[in-house]
Amino acid sequence: MSKNILTTSSGTPVTDDNNSISAGARGPLTFDNHYVFEKLAHFNRERIPERVVHARGTGAYGIFEVTKSLEEFTIANFLQNVGQKTDVFVRFSTVGGGQDSSDYARDPRGFAIKFYTEQGNFDLVGNNTPVFFLNDPSKFPDFIHSQKKNPQTNLPDPAQSYEFWANHPQSLHQITILMSDRGIPYSYRHMHGFSSHTLSFWNAKGERFWAKWHVKTNQGVKNLTNDEAAKMPPFGAQQDLVDAIERGEHPSWSVKVQIMSEAQAKDYAINPFDLTKIWPHSDFPLIEIGQLELNRNVENYFAETEQAAFAPSNLVPGVGASPDKMLQARLMAYQDAHRYRVGVNVNQIPVNAPKCPVHHYQRDGAMAGMCPAHGGPTIQDSGVNFYPNDRAEQGAPTPASQLVAPPLPLLEDAWVKAYDQSEEDYYTQAGNLFRLMNKDQKQQLAHNIAEGLGQANSSIQGRMLAQFSKADPEYASLVQAEMSRLG
Ligand code: HEM
């Protein structure tokens, strides 16, 4: 006999879960079928909106361990002592496809890490590429529309992707990565992660440093060609991660940072806040600071992975933003998305709830829980709900003014003006990457581009070839030759 009794969601024992109550064996249902109605009504509400981007993903828990103290650069509590461990939740994703799309699209991969630190959650919401297609957030919705399905046919439309890119030379560096042999990772375990953005650190002296994060796979980088990817099972990357963790083969990454002082930033030839650019390692070497390991699968995919809410605005004392325009917009966009997709009390859901005490004066809203002292999962207690108040002695929370961030320096005068960036050099770094490739890699790049670009009209082709040529004339001629070959 089963130890557990089937109940309604309010805990009442259910006596029959196969038959509805009806007026006779052949008759209609009666109005007292409230259990059946509850079941059907809950079923109707099982879905929440999928993420507008990065909808297809998989997550796991793990540990981040410090191997080098960053005390010199940051007061961040979780980066102070060698051996210090912080729990993490990581979600990997593709970008453009829906929740049930293939894991093997030629697409960047999301690599989002939630560090549950003692001073709140720090979310590093990065990708597997060190740069991005854009450096101005006003273009983000246009860009995503151009990569997703055609609005009329609801089918993939490579020509419209290239139509966007032909008008945006700023995307060239990221296109060169995406279309290269690194464009389709073999698995989530075999790829790197990057903050891509420049973030910042500040130390106890109030000095600010600019920092880029690199999360380097210890499994080695492995990729697939288009043909190999086409033969993979659609959800193979998810399966690979879940199975590896289940087998006890815990994937790990070496976490590194590049650090630039404010003084260096002022004179540096490359705009350090342009998300389409890397900082060459020869100028800013990688400093290893820790190890990241994933060691536990989720128990409930929906509750944990689907409701996980990563936000670039989840920063902790000692880790800050930078003037990167894209990052600035992301500081707003994610919390907004979470309120829409999950709800205003999204941070009370266990996967998102900080593991440190949380005290604030926000109240109520859909699905509000109680503070742990009252048996709820987190956050809203029954004490005073306004600030300032006279009850600090009784435990009412007060701001920690000693943790205030130093000012974010403005390199130029703040001025309400749209800064035209069309004259930026978007070609040198794309060309440098092309020149690093061997013959076979160059050929793969040209082939992958030609497959899509060949479907665009001649004006788009011409503008793309002009971009490739500015990066490296050989880049353009290889793509041109491959388009002719494919006809
Ligand atoms: C202005 C630029 C951008 C905007 C407005 C934007 C917006 C969004 C939105 C609305 C989501 C869905 C969030 C959710 O529903 O939980 C999302 C997810 C995501 N974005 Fe962005 N994004 C931008 C740029 C970037 C960049 C540059 C990166 C990487 C460097 C990135 C990485 C991610 C990742 C990894 C996720 C999935 C997080 C998860 O696993 O839940 N995004 N983005």
# chains A, B, ... in the order shown; residues from 1 in each chain; ligands from 1

$ residues_around --residues "region 474-478 of chain A" --least-positions-apart "3" --cutoff "12 Å" --atoms "only C-alpha atoms" --output "mmCIF file with C-alpha atoms, in the first residue's frame"
data_model
loop_
_atom_site.group_PDB
_atom_site.id
_atom_site.type_symbol
_atom_site.label_atom_id
_atom_site.label_comp_id
_atom_site.auth_asym_id
_atom_site.auth_seq_id
_atom_site.Cartn_x
_atom_site.Cartn_y
_atom_site.Cartn_z
ATOM 1 C CA LEU A 172 31.561 41.645 -38.061
ATOM 2 C CA THR A 176 33.461 35.842 -37.709
ATOM 3 C CA SER A 180 33.904 29.848 -37.660
ATOM 4 C CA TYR A 427 37.527 45.443 -38.989
ATOM 5 C CA ALA A 430 37.792 40.553 -37.057
ATOM 6 C CA GLY A 431 40.760 40.457 -39.453
ATOM 7 C CA ASN A 432 43.151 39.502 -36.658
ATOM 8 C CA LEU A 433 40.909 36.569 -35.777
ATOM 9 C CA PHE A 434 40.701 35.520 -39.440
ATOM 10 C CA ARG A 435 44.507 35.632 -39.739
ATOM 11 C CA LEU A 436 44.832 33.361 -36.680
ATOM 12 C CA MET A 437 42.875 30.614 -38.449
ATOM 13 C CA LYS A 439 43.592 27.008 -43.966
ATOM 14 C CA ASP A 440 40.900 24.534 -43.014
ATOM 15 C CA GLN A 441 39.347 26.896 -40.464
ATOM 16 C CA LYS A 442 39.286 29.740 -43.020
ATOM 17 C CA GLN A 443 37.570 27.441 -45.487
ATOM 18 C CA GLN A 444 34.946 26.377 -42.924
ATOM 19 C CA LEU A 445 34.303 30.041 -42.120
ATOM 20 C CA ALA A 446 33.849 30.928 -45.785
ATOM 21 C CA HIS A 447 31.584 27.931 -46.337
ATOM 22 C CA ASN A 448 29.335 28.654 -43.353
ATOM 23 C CA ILE A 449 28.940 32.276 -44.425
ATOM 24 C CA ALA A 450 28.377 31.427 -48.091
ATOM 25 C CA GLN A 461 26.142 40.311 -50.665
ATOM 26 C CA GLY A 462 28.113 43.289 -51.954
ATOM 27 C CA ARG A 463 27.982 45.139 -48.641
ATOM 28 C CA MET A 464 28.988 42.013 -46.690
ATOM 29 C CA LEU A 465 31.892 41.324 -49.053
ATOM 30 C CA ALA A 466 33.056 44.914 -48.591
ATOM 31 C CA GLN A 467 33.081 44.354 -44.796
ATOM 32 C CA PHE A 468 35.031 41.084 -45.113
ATOM 33 C CA SER A 469 37.480 42.773 -47.442
ATOM 34 C CA LYS A 470 38.157 45.575 -44.959
ATOM 35 C CA ALA A 471 38.953 42.895 -42.356
ATOM 36 C CA ALA A 481 34.675 31.851 -54.204
ATOM 37 C CA GLU A 482 32.590 29.641 -51.929
ATOM 38 C CA MET A 483 29.364 31.419 -52.939
ATOM 39 C CA SER A 484 30.230 30.844 -56.616
ATOM 40 C CA ARG A 485 31.011 27.189 -55.924
#

$ closest_atom_pairs --of "region 145-180 of chain A" --to "region 42-56 of chain A" --cutoff "12 Å" --atoms "only C-alpha atoms" --output "CSV"
residue,atom,partner,partner_atom,distance
A:His145,CA,A:Val53,CA,10.2
A:Gln147,CA,A:Val53,CA,10.6
A:Lys148,CA,A:Val53,CA,9.4

$ write_last_selection --atoms "N, CA and C atoms" --output "CSV table (one decimal), in the first residue's frame"
chain,number,residue,atom,x,y,z
A,145,HIS,N,15.0,40.2,-33.9
A,145,HIS,CA,14.0,40.0,-34.9
A,145,HIS,C,14.6,39.4,-36.2
A,147,GLN,N,17.2,37.7,-36.6
A,147,GLN,CA,17.8,36.3,-36.4
A,147,GLN,C,16.7,35.3,-36.2
A,148,LYS,N,15.6,35.7,-35.7
A,148,LYS,CA,14.5,34.7,-35.4
A,148,LYS,C,13.8,34.4,-36.7

$ residues_around --residues "Asn218 (chain A)" --least-positions-apart "5" --cutoff "9 Å" --atoms "only C-alpha atoms" --output "list in words"
Arg189, His190, Met191, His192, Pro251, Ser252, Trp253 and Ser254 of chain A

$ write_last_selection --atoms "N, CA and C atoms" --output "compact mmCIF listing (two decimals), in the first residue's frame"
# COMPACT_ATOMS: atom_id res chain seq x y z
N ARG A 189 29.73 21.37 -21.91
CA ARG A 189 30.93 21.14 -21.09
C ARG A 189 32.19 21.55 -21.84
N HIS A 190 32.10 21.57 -23.16
CA HIS A 190 33.30 21.78 -23.98
C HIS A 190 33.36 23.18 -24.58
N MET A 191 32.95 24.17 -23.83
CA MET A 191 33.04 25.54 -24.34
C MET A 191 33.42 26.48 -23.20
N HIS A 192 33.95 27.63 -23.58
CA HIS A 192 34.30 28.65 -22.60
C HIS A 192 33.08 29.53 -22.31
N PRO A 251 31.81 18.48 -14.64
CA PRO A 251 32.55 19.39 -15.51
C PRO A 251 33.08 20.59 -14.72
N SER A 252 34.21 21.11 -15.16
CA SER A 252 34.78 22.25 -14.42
C SER A 252 35.40 23.25 -15.39
N TRP A 253 35.58 24.45 -14.89
CA TRP A 253 36.12 25.56 -15.67
C TRP A 253 37.10 26.35 -14.80
N SER A 254 38.15 26.90 -15.42
CA SER A 254 39.08 27.78 -14.71
C SER A 254 38.61 29.22 -14.92

$ residues_near_ligand --ligand "ligand 1" --cutoff "6 Å" --atoms "only C-alpha atoms and all ligand atoms" --output "short mmCIF file (atom, residue, chain, number, x, y, z; two decimals) with all heavy atoms, in the first residue's frame"
data_model
loop_
_atom_site.label_atom_id
_atom_site.label_comp_id
_atom_site.auth_asym_id
_atom_site.auth_seq_id
_atom_site.Cartn_x
_atom_site.Cartn_y
_atom_site.Cartn_z
N ARG A 51 11.47 32.54 -22.22
CA ARG A 51 12.36 33.70 -22.35
C ARG A 51 12.31 34.19 -23.80
O ARG A 51 12.31 33.36 -24.72
CB ARG A 51 13.80 33.30 -21.99
CG ARG A 51 14.05 33.00 -20.53
CD ARG A 51 15.37 32.29 -20.36
NE ARG A 51 15.74 32.02 -18.98
CZ ARG A 51 15.29 31.00 -18.26
NH1 ARG A 51 14.42 30.15 -18.78
NH2 ARG A 51 15.68 30.82 -17.01
N VAL A 52 12.31 35.50 -23.99
CA VAL A 52 12.20 36.04 -25.35
C VAL A 52 13.44 35.72 -26.17
O VAL A 52 13.38 35.57 -27.39
CB VAL A 52 11.89 37.56 -25.31
CG1 VAL A 52 13.01 38.35 -24.68
CG2 VAL A 52 11.55 38.10 -26.68
N VAL A 53 14.57 35.57 -25.50
CA VAL A 53 15.80 35.01 -26.09
C VAL A 53 16.34 33.99 -25.10
O VAL A 53 15.95 33.98 -23.94
CB VAL A 53 16.88 36.09 -26.35
CG1 VAL A 53 16.60 36.85 -27.62
CG2 VAL A 53 17.01 37.03 -25.16
N HIS A 54 17.21 33.11 -25.53
CA HIS A 54 17.79 32.07 -24.66
C HIS A 54 16.72 31.17 -24.06
O HIS A 54 16.82 30.74 -22.90
CB HIS A 54 18.62 32.70 -23.53
CG HIS A 54 19.82 33.47 -23.99
ND1 HIS A 54 21.09 32.95 -23.98
CD2 HIS A 54 19.95 34.72 -24.50
CE1 HIS A 54 21.94 33.85 -24.44
NE2 HIS A 54 21.28 34.94 -24.77
N ARG A 91 23.15 28.28 -15.83
CA ARG A 91 22.24 27.89 -16.91
C ARG A 91 22.91 28.16 -18.25
O ARG A 91 23.39 29.26 -18.50
CB ARG A 91 20.91 28.62 -16.83
CG ARG A 91 19.92 28.20 -17.91
CD ARG A 91 18.54 28.81 -17.73
NE ARG A 91 17.64 28.43 -18.80
CZ ARG A 91 17.51 29.09 -19.95
NH1 ARG A 91 18.21 30.19 -20.17
NH2 ARG A 91 16.68 28.66 -20.88
N PHE A 92 22.95 27.11 -19.09
CA PHE A 92 23.47 27.23 -20.45
C PHE A 92 22.28 27.32 -21.40
O PHE A 92 21.23 26.73 -21.12
CB PHE A 92 24.28 25.99 -20.82
CG PHE A 92 25.45 25.72 -19.91
CD1 PHE A 92 25.40 24.70 -18.98
CD2 PHE A 92 26.61 26.48 -20.00
CE1 PHE A 92 26.47 24.43 -18.14
CE2 PHE A 92 27.69 26.21 -19.17
CZ PHE A 92 27.62 25.19 -18.24
N GLY A 110 24.48 30.84 -24.29
CA GLY A 110 24.46 31.58 -23.03
C GLY A 110 25.21 30.79 -21.97
O GLY A 110 25.17 29.55 -21.96
N PHE A 111 25.89 31.49 -21.09
CA PHE A 111 26.64 30.86 -19.99
C PHE A 111 26.39 31.77 -18.79
O PHE A 111 27.15 32.72 -18.56
CB PHE A 111 28.12 30.80 -20.37
CG PHE A 111 28.96 29.86 -19.54
CD1 PHE A 111 29.88 29.00 -20.16
CD2 PHE A 111 28.89 29.83 -18.16
CE1 PHE A 111 30.67 28.13 -19.42
CE2 PHE A 111 29.68 28.97 -17.41
CZ PHE A 111 30.58 28.12 -18.04
N ALA A 112 25.30 31.50 -18.06
CA ALA A 112 24.90 32.40 -16.98
C ALA A 112 25.20 31.74 -15.64
O ALA A 112 24.80 30.59 -15.40
CB ALA A 112 23.41 32.70 -17.08
N VAL A 125 26.07 37.07 -16.36
CA VAL A 125 25.15 36.59 -17.40
C VAL A 125 25.85 36.73 -18.75
O VAL A 125 25.64 37.70 -19.49
CB VAL A 125 23.82 37.36 -17.36
CG1 VAL A 125 22.74 36.60 -18.14
CG2 VAL A 125 23.36 37.58 -15.93
N GLY A 126 26.70 35.75 -19.06
CA GLY A 126 27.57 35.89 -20.22
C GLY A 126 27.23 34.91 -21.33
O GLY A 126 26.26 34.17 -21.27
N ASN A 127 28.08 34.92 -22.32
CA ASN A 127 27.95 34.03 -23.47
C ASN A 127 29.24 33.23 -23.63
O ASN A 127 30.21 33.44 -22.90
CB ASN A 127 27.72 34.84 -24.75
CG ASN A 127 26.25 35.24 -24.93
OD1 ASN A 127 25.37 34.67 -24.30
ND2 ASN A 127 26.02 36.20 -25.79
N PHE A 132 30.16 40.69 -28.67
CA PHE A 132 28.75 40.55 -29.09
C PHE A 132 28.56 41.29 -30.42
O PHE A 132 29.44 42.00 -30.88
CB PHE A 132 27.83 41.12 -27.99
CG PHE A 132 26.40 40.71 -28.16
CD1 PHE A 132 26.00 39.39 -27.96
CD2 PHE A 132 25.43 41.64 -28.53
CE1 PHE A 132 24.68 39.00 -28.13
CE2 PHE A 132 24.10 41.26 -28.70
CZ PHE A 132 23.74 39.95 -28.50
N PRO A 137 22.42 49.29 -27.29
CA PRO A 137 21.24 48.47 -26.99
C PRO A 137 20.02 48.82 -27.82
O PRO A 137 19.10 48.01 -27.93
CB PRO A 137 20.97 48.76 -25.51
CG PRO A 137 21.63 50.07 -25.24
CD PRO A 137 22.81 50.14 -26.15
N PHE A 140 19.14 46.08 -30.17
CA PHE A 140 18.96 44.69 -29.74
C PHE A 140 17.66 44.06 -30.26
O PHE A 140 17.70 42.98 -30.87
CB PHE A 140 19.07 44.59 -28.21
CG PHE A 140 19.09 43.16 -27.72
CD1 PHE A 140 20.23 42.39 -27.81
CD2 PHE A 140 17.95 42.58 -27.17
CE1 PHE A 140 20.25 41.07 -27.37
CE2 PHE A 140 17.97 41.26 -26.73
CZ PHE A 140 19.12 40.51 -26.83
N SER A 195 32.28 37.08 -19.60
CA SER A 195 31.37 38.18 -19.25
C SER A 195 31.08 38.97 -20.51
O SER A 195 30.06 39.63 -20.62
CB SER A 195 32.00 39.10 -18.20
OG SER A 195 33.18 39.71 -18.70
N SER A 196 31.98 38.89 -21.45
CA SER A 196 31.95 39.69 -22.68
C SER A 196 32.04 41.18 -22.34
O SER A 196 32.93 41.87 -22.78
CB SER A 196 30.73 39.40 -23.56
OG SER A 196 30.49 38.01 -23.65
N ALA A 308 14.52 30.12 -13.17
CA ALA A 308 15.77 30.82 -12.80
C ALA A 308 15.76 32.19 -13.46
O ALA A 308 15.39 32.33 -14.62
CB ALA A 308 16.98 30.02 -13.26
N ALA A 309 16.17 33.17 -12.70
CA ALA A 309 16.12 34.55 -13.20
C ALA A 309 17.49 35.19 -12.99
O ALA A 309 17.84 35.56 -11.86
CB ALA A 309 15.03 35.32 -12.47
N PHE A 310 18.25 35.29 -14.05
CA PHE A 310 19.59 35.89 -13.98
C PHE A 310 19.49 37.35 -14.38
O PHE A 310 18.82 37.67 -15.38
CB PHE A 310 20.55 35.18 -14.94
CG PHE A 310 20.82 33.75 -14.59
CD1 PHE A 310 20.01 32.74 -15.07
CD2 PHE A 310 21.89 33.41 -13.78
CE1 PHE A 310 20.26 31.42 -14.75
CE2 PHE A 310 22.15 32.10 -13.45
CZ PHE A 310 21.33 31.09 -13.94
N MET A 326 25.72 48.68 -23.72
CA MET A 326 24.90 47.47 -23.75
C MET A 326 24.63 46.98 -22.32
O MET A 326 23.52 46.62 -21.98
CB MET A 326 25.62 46.37 -24.53
CG MET A 326 25.76 46.65 -26.00
SD MET A 326 24.22 46.35 -26.89
CE MET A 326 24.18 44.56 -26.89
N ALA A 329 22.01 48.99 -20.47
CA ALA A 329 20.61 48.65 -20.81
C ALA A 329 20.22 47.32 -20.18
O ALA A 329 19.09 47.14 -19.73
CB ALA A 329 20.46 48.58 -22.32
N ARG A 330 21.17 46.40 -20.13
CA ARG A 330 20.85 45.09 -19.56
C ARG A 330 20.57 45.20 -18.06
O ARG A 330 19.88 44.36 -17.50
CB ARG A 330 22.00 44.10 -19.81
CG ARG A 330 22.19 43.76 -21.29
CD ARG A 330 23.32 42.77 -21.49
NE ARG A 330 22.97 41.43 -21.05
CZ ARG A 330 23.85 40.50 -20.66
NH1 ARG A 330 25.14 40.77 -20.65
NH2 ARG A 330 23.45 39.31 -20.29
N ALA A 333 16.91 45.63 -18.33
CA ALA A 333 16.07 44.75 -19.15
C ALA A 333 15.72 43.43 -18.46
O ALA A 333 14.61 42.91 -18.62
CB ALA A 333 16.77 44.45 -20.47
N TYR A 334 16.62 42.87 -17.69
CA TYR A 334 16.40 41.50 -17.18
C TYR A 334 15.39 41.49 -16.05
O TYR A 334 14.49 40.66 -16.01
CB TYR A 334 17.73 40.87 -16.76
CG TYR A 334 18.57 40.51 -17.97
CD1 TYR A 334 19.07 41.51 -18.80
CD2 TYR A 334 18.83 39.20 -18.32
CE1 TYR A 334 19.81 41.21 -19.93
CE2 TYR A 334 19.58 38.88 -19.45
CZ TYR A 334 20.06 39.89 -20.24
OH TYR A 334 20.78 39.60 -21.36
N ALA A 337 12.13 41.75 -17.54
CA ALA A 337 11.69 40.48 -18.15
C ALA A 337 11.22 39.51 -17.07
O ALA A 337 10.23 38.80 -17.25
CB ALA A 337 12.85 39.86 -18.93
N HIS A 338 11.90 39.50 -15.94
CA HIS A 338 11.52 38.55 -14.88
C HIS A 338 10.16 38.87 -14.30
O HIS A 338 9.38 37.98 -13.98
CB HIS A 338 12.56 38.56 -13.75
CG HIS A 338 13.93 38.18 -14.23
ND1 HIS A 338 15.08 38.59 -13.62
CD2 HIS A 338 14.31 37.43 -15.29
CE1 HIS A 338 16.11 38.10 -14.29
NE2 HIS A 338 15.67 37.41 -15.31
#

$ select_by_dssp --residues "region 246-289 of chain A" --states "helix (DSSP H, G or I)" --output "list in words"
Glu246, Glu262, Ala263, Gln264, Ala265, Lys266 and Asp267 of chain A

$ residues_around --residues "region 312-315 of chain A" --least-positions-apart "6" --cutoff "7 Å" --atoms "only C-alpha atoms" --output "PDB file with C-alpha atoms, in the first residue's frame"
ATOM      1  CA  ASN A 121      23.636  37.130  -5.526  1.00  0.00           C
ATOM      2  CA  PHE A 122      26.146  38.056  -8.193  1.00  0.00           C
ATOM      3  CA  ASP A 123      24.971  37.014 -11.654  1.00  0.00           C
ATOM      4  CA  LEU A 124      27.531  36.781 -14.450  1.00  0.00           C
ATOM      5  CA  VAL A 125      25.150  36.588 -17.398  1.00  0.00           C
ATOM      6  CA  ARG A 330      20.852  45.088 -19.560  1.00  0.00           C
ATOM      7  CA  LEU A 331      20.867  46.399 -15.974  1.00  0.00           C
TER       8      LEU A 331
END

$ atom_distance --atom1 "CA of Arg341 (chain A)" --atom2 "CA of Gly57 (chain A)"
15.5 Å

$ atom_distance --atom1 "CA of Gln455 (chain A)" --atom2 "CA of Gln421 (chain A)"
28.8 Å

$ closest_residue --among "A:Asp381, A:Asp32, A:Asp16, A:Glu65" --to "Arg363 (chain A)" --atoms "only C-alpha atoms"
A:Asp381

$ closest_residue --among "A:His359, A:Pro354, A:Ala405, A:Gln238" --to "Tyr301 (chain A)" --atoms "only C-alpha atoms"
A:Gln238

$ closest_residue --among "A:Phe273, A:Phe284, A:Phe209, A:Tyr387" --to "Gln328 (chain A)" --atoms "only C-alpha atoms"
A:Phe273

$ atom_distance --atom1 "CA of Asp390 (chain A)" --atom2 "CA of Val404 (chain A)"
22.8 Å

$ select_by_dssp --residues "region 286-454 of chain A" --states "strand (DSSP E)" --output "ChimeraX atom specification"
/A:287-297,319-320

$ write_last_selection --atoms "N, CA and C atoms" --output "PDB file, in the first residue's frame"
ATOM      1  N   ILE A 287      44.364  36.446 -15.472  1.00  0.00           N
ATOM      2  CA  ILE A 287      44.775  36.086 -14.108  1.00  0.00           C
ATOM      3  C   ILE A 287      43.784  35.043 -13.605  1.00  0.00           C
ATOM      4  N   GLU A 288      44.279  33.856 -13.286  1.00  0.00           N
ATOM      5  CA  GLU A 288      43.353  32.817 -12.801  1.00  0.00           C
ATOM      6  C   GLU A 288      42.970  33.098 -11.356  1.00  0.00           C
ATOM      7  N   ILE A 289      41.666  33.075 -11.067  1.00  0.00           N
ATOM      8  CA  ILE A 289      41.222  33.390  -9.699  1.00  0.00           C
ATOM      9  C   ILE A 289      40.430  32.267  -9.049  1.00  0.00           C
ATOM     10  N   GLY A 290      40.016  31.268  -9.833  1.00  0.00           N
ATOM     11  CA  GLY A 290      39.231  30.220  -9.177  1.00  0.00           C
ATOM     12  C   GLY A 290      38.830  29.102 -10.108  1.00  0.00           C
ATOM     13  N   GLN A 291      38.140  28.128  -9.516  1.00  0.00           N
ATOM     14  CA  GLN A 291      37.647  26.964 -10.260  1.00  0.00           C
ATOM     15  C   GLN A 291      36.145  26.873 -10.056  1.00  0.00           C
ATOM     16  N   LEU A 292      35.467  26.575 -11.151  1.00  0.00           N
ATOM     17  CA  LEU A 292      34.014  26.403 -11.113  1.00  0.00           C
ATOM     18  C   LEU A 292      33.723  24.951 -11.443  1.00  0.00           C
ATOM     19  N   GLU A 293      32.872  24.316 -10.629  1.00  0.00           N
ATOM     20  CA  GLU A 293      32.544  22.914 -10.907  1.00  0.00           C
ATOM     21  C   GLU A 293      31.036  22.732 -10.790  1.00  0.00           C
ATOM     22  N   LEU A 294      30.466  21.951 -11.701  1.00  0.00           N
ATOM     23  CA  LEU A 294      29.034  21.634 -11.606  1.00  0.00           C
ATOM     24  C   LEU A 294      28.895  20.207 -11.109  1.00  0.00           C
ATOM     25  N   ASN A 295      28.080  20.017 -10.070  1.00  0.00           N
ATOM     26  CA  ASN A 295      28.056  18.691  -9.438  1.00  0.00           C
ATOM     27  C   ASN A 295      26.670  18.193  -9.055  1.00  0.00           C
ATOM     28  N   ARG A 296      25.609  18.962  -9.390  1.00  0.00           N
ATOM     29  CA  ARG A 296      24.282  18.497  -8.975  1.00  0.00           C
ATOM     30  C   ARG A 296      23.233  18.914  -9.997  1.00  0.00           C
ATOM     31  N   ASN A 297      22.457  17.934 -10.441  1.00  0.00           N
ATOM     32  CA  ASN A 297      21.370  18.256 -11.365  1.00  0.00           C
ATOM     33  C   ASN A 297      20.176  18.825 -10.606  1.00  0.00           C
ATOM     34  N   VAL A 319      31.866  44.579  -6.794  1.00  0.00           N
ATOM     35  CA  VAL A 319      31.726  44.234  -8.214  1.00  0.00           C
ATOM     36  C   VAL A 319      30.675  45.175  -8.797  1.00  0.00           C
ATOM     37  N   GLY A 320      31.074  45.935  -9.809  1.00  0.00           N
ATOM     38  CA  GLY A 320      30.147  46.926 -10.344  1.00  0.00           C
ATOM     39  C   GLY A 320      30.023  46.848 -11.847  1.00  0.00           C
TER      40      GLY A 320
END

$ residues_around --residues "Asn385 (chain A)" --least-positions-apart "4" --cutoff "10 Å" --atoms "only C-alpha atoms" --output "ChimeraX atom specification"
/A:360-363,380-381,389,396

$ write_last_selection --atoms "N, CA, C and O atoms" --output "short mmCIF file (atom, residue, chain, number, x, y, z; two decimals), in the first residue's frame"
data_model
loop_
_atom_site.label_atom_id
_atom_site.label_comp_id
_atom_site.auth_asym_id
_atom_site.auth_seq_id
_atom_site.Cartn_x
_atom_site.Cartn_y
_atom_site.Cartn_z
N HIS A 360 14.21 43.96 3.53
CA HIS A 360 13.88 45.20 2.83
C HIS A 360 12.45 45.61 3.14
O HIS A 360 11.75 44.92 3.87
N TYR A 361 12.06 46.74 2.53
CA TYR A 361 10.74 47.28 2.84
C TYR A 361 9.75 47.07 1.69
O TYR A 361 8.69 47.65 1.66
N GLN A 362 10.15 46.23 0.71
CA GLN A 362 9.20 45.91 -0.36
C GLN A 362 8.17 44.95 0.20
O GLN A 362 8.51 44.04 0.95
N ARG A 363 6.94 45.15 -0.18
CA ARG A 363 5.88 44.32 0.38
C ARG A 363 4.92 43.82 -0.70
O ARG A 363 4.75 44.46 -1.74
N GLN A 380 9.47 38.62 3.17
CA GLN A 380 8.62 39.68 3.70
C GLN A 380 8.24 39.39 5.15
O GLN A 380 7.52 38.45 5.41
N ASP A 381 8.75 40.19 6.08
CA ASP A 381 8.37 39.92 7.46
C ASP A 381 7.27 40.88 7.89
O ASP A 381 6.84 41.75 7.15
N ASN A 389 12.64 54.84 9.80
CA ASN A 389 11.78 54.58 10.95
C ASN A 389 12.64 54.67 12.21
O ASN A 389 13.85 54.91 12.11
N ALA A 396 15.00 46.64 12.59
CA ALA A 396 14.57 47.17 11.29
C ALA A 396 15.82 47.46 10.46
O ALA A 396 16.78 48.05 10.96
#

$ closest_residue --among "A:His197, A:Lys39, A:Lys85, A:Arg182" --to "Tyr116 (chain A)" --atoms "only C-alpha atoms"
A:Lys85

$ residues_around --residues "Ala456 (chain A)" --least-positions-apart "2" --cutoff "9 Å" --atoms "only C-alpha atoms" --output "PyMOL selection string"
chain A and resi 158-160+162-163+452-454+458-461

$ write_last_selection --atoms "N, CA, C and O atoms" --output "CSV table (one decimal), in the first residue's frame"
chain,number,residue,atom,x,y,z
A,158,PRO,N,17.8,33.1,-43.4
A,158,PRO,CA,19.2,33.6,-43.3
A,158,PRO,C,19.4,34.9,-44.1
A,158,PRO,O,20.2,35.7,-43.6
A,159,ALA,N,18.6,35.1,-45.1
A,159,ALA,CA,18.7,36.3,-45.9
A,159,ALA,C,18.5,37.6,-45.0
A,159,ALA,O,19.1,38.6,-45.1
A,160,GLN,N,17.4,37.4,-44.1
A,160,GLN,CA,17.1,38.6,-43.3
A,160,GLN,C,18.2,38.8,-42.2
A,160,GLN,O,18.5,40.0,-41.9
A,162,TYR,N,21.4,38.4,-42.8
A,162,TYR,CA,22.5,39.1,-43.5
A,162,TYR,C,22.0,40.5,-43.8
A,162,TYR,O,22.9,41.4,-43.9
A,163,GLU,N,20.7,40.7,-44.0
A,163,GLU,CA,20.3,42.1,-44.3
A,163,GLU,C,20.6,43.0,-43.1
A,163,GLU,O,21.0,44.1,-43.3
A,452,GLY,N,24.6,30.9,-46.0
A,452,GLY,CA,23.5,31.8,-45.7
A,452,GLY,C,23.5,33.0,-46.6
A,452,GLY,O,22.4,33.5,-47.2
A,453,LEU,N,24.7,33.6,-46.8
A,453,LEU,CA,24.8,34.9,-47.6
A,453,LEU,C,24.3,34.6,-49.1
A,453,LEU,O,23.8,35.5,-49.7
A,454,GLY,N,24.5,33.4,-49.6
A,454,GLY,CA,24.1,33.1,-50.9
A,454,GLY,C,22.6,33.2,-51.1
A,454,GLY,O,22.2,33.3,-52.3
A,458,SER,N,21.9,40.7,-54.2
A,458,SER,CA,23.3,41.1,-54.5
A,458,SER,C,23.7,42.3,-53.8
A,458,SER,O,24.9,42.5,-53.5
A,459,SER,N,22.8,43.2,-53.4
A,459,SER,CA,23.2,44.4,-52.7
A,459,SER,C,23.7,44.0,-51.3
A,459,SER,O,24.7,44.5,-50.8
A,460,ILE,N,23.0,43.1,-50.7
A,460,ILE,CA,23.4,42.6,-49.3
A,460,ILE,C,24.8,41.9,-49.5
A,460,ILE,O,25.7,42.1,-48.7
A,461,GLN,N,24.9,41.0,-50.5
A,461,GLN,CA,26.1,40.3,-50.7
A,461,GLN,C,27.3,41.3,-50.9
A,461,GLN,O,28.4,41.1,-50.3
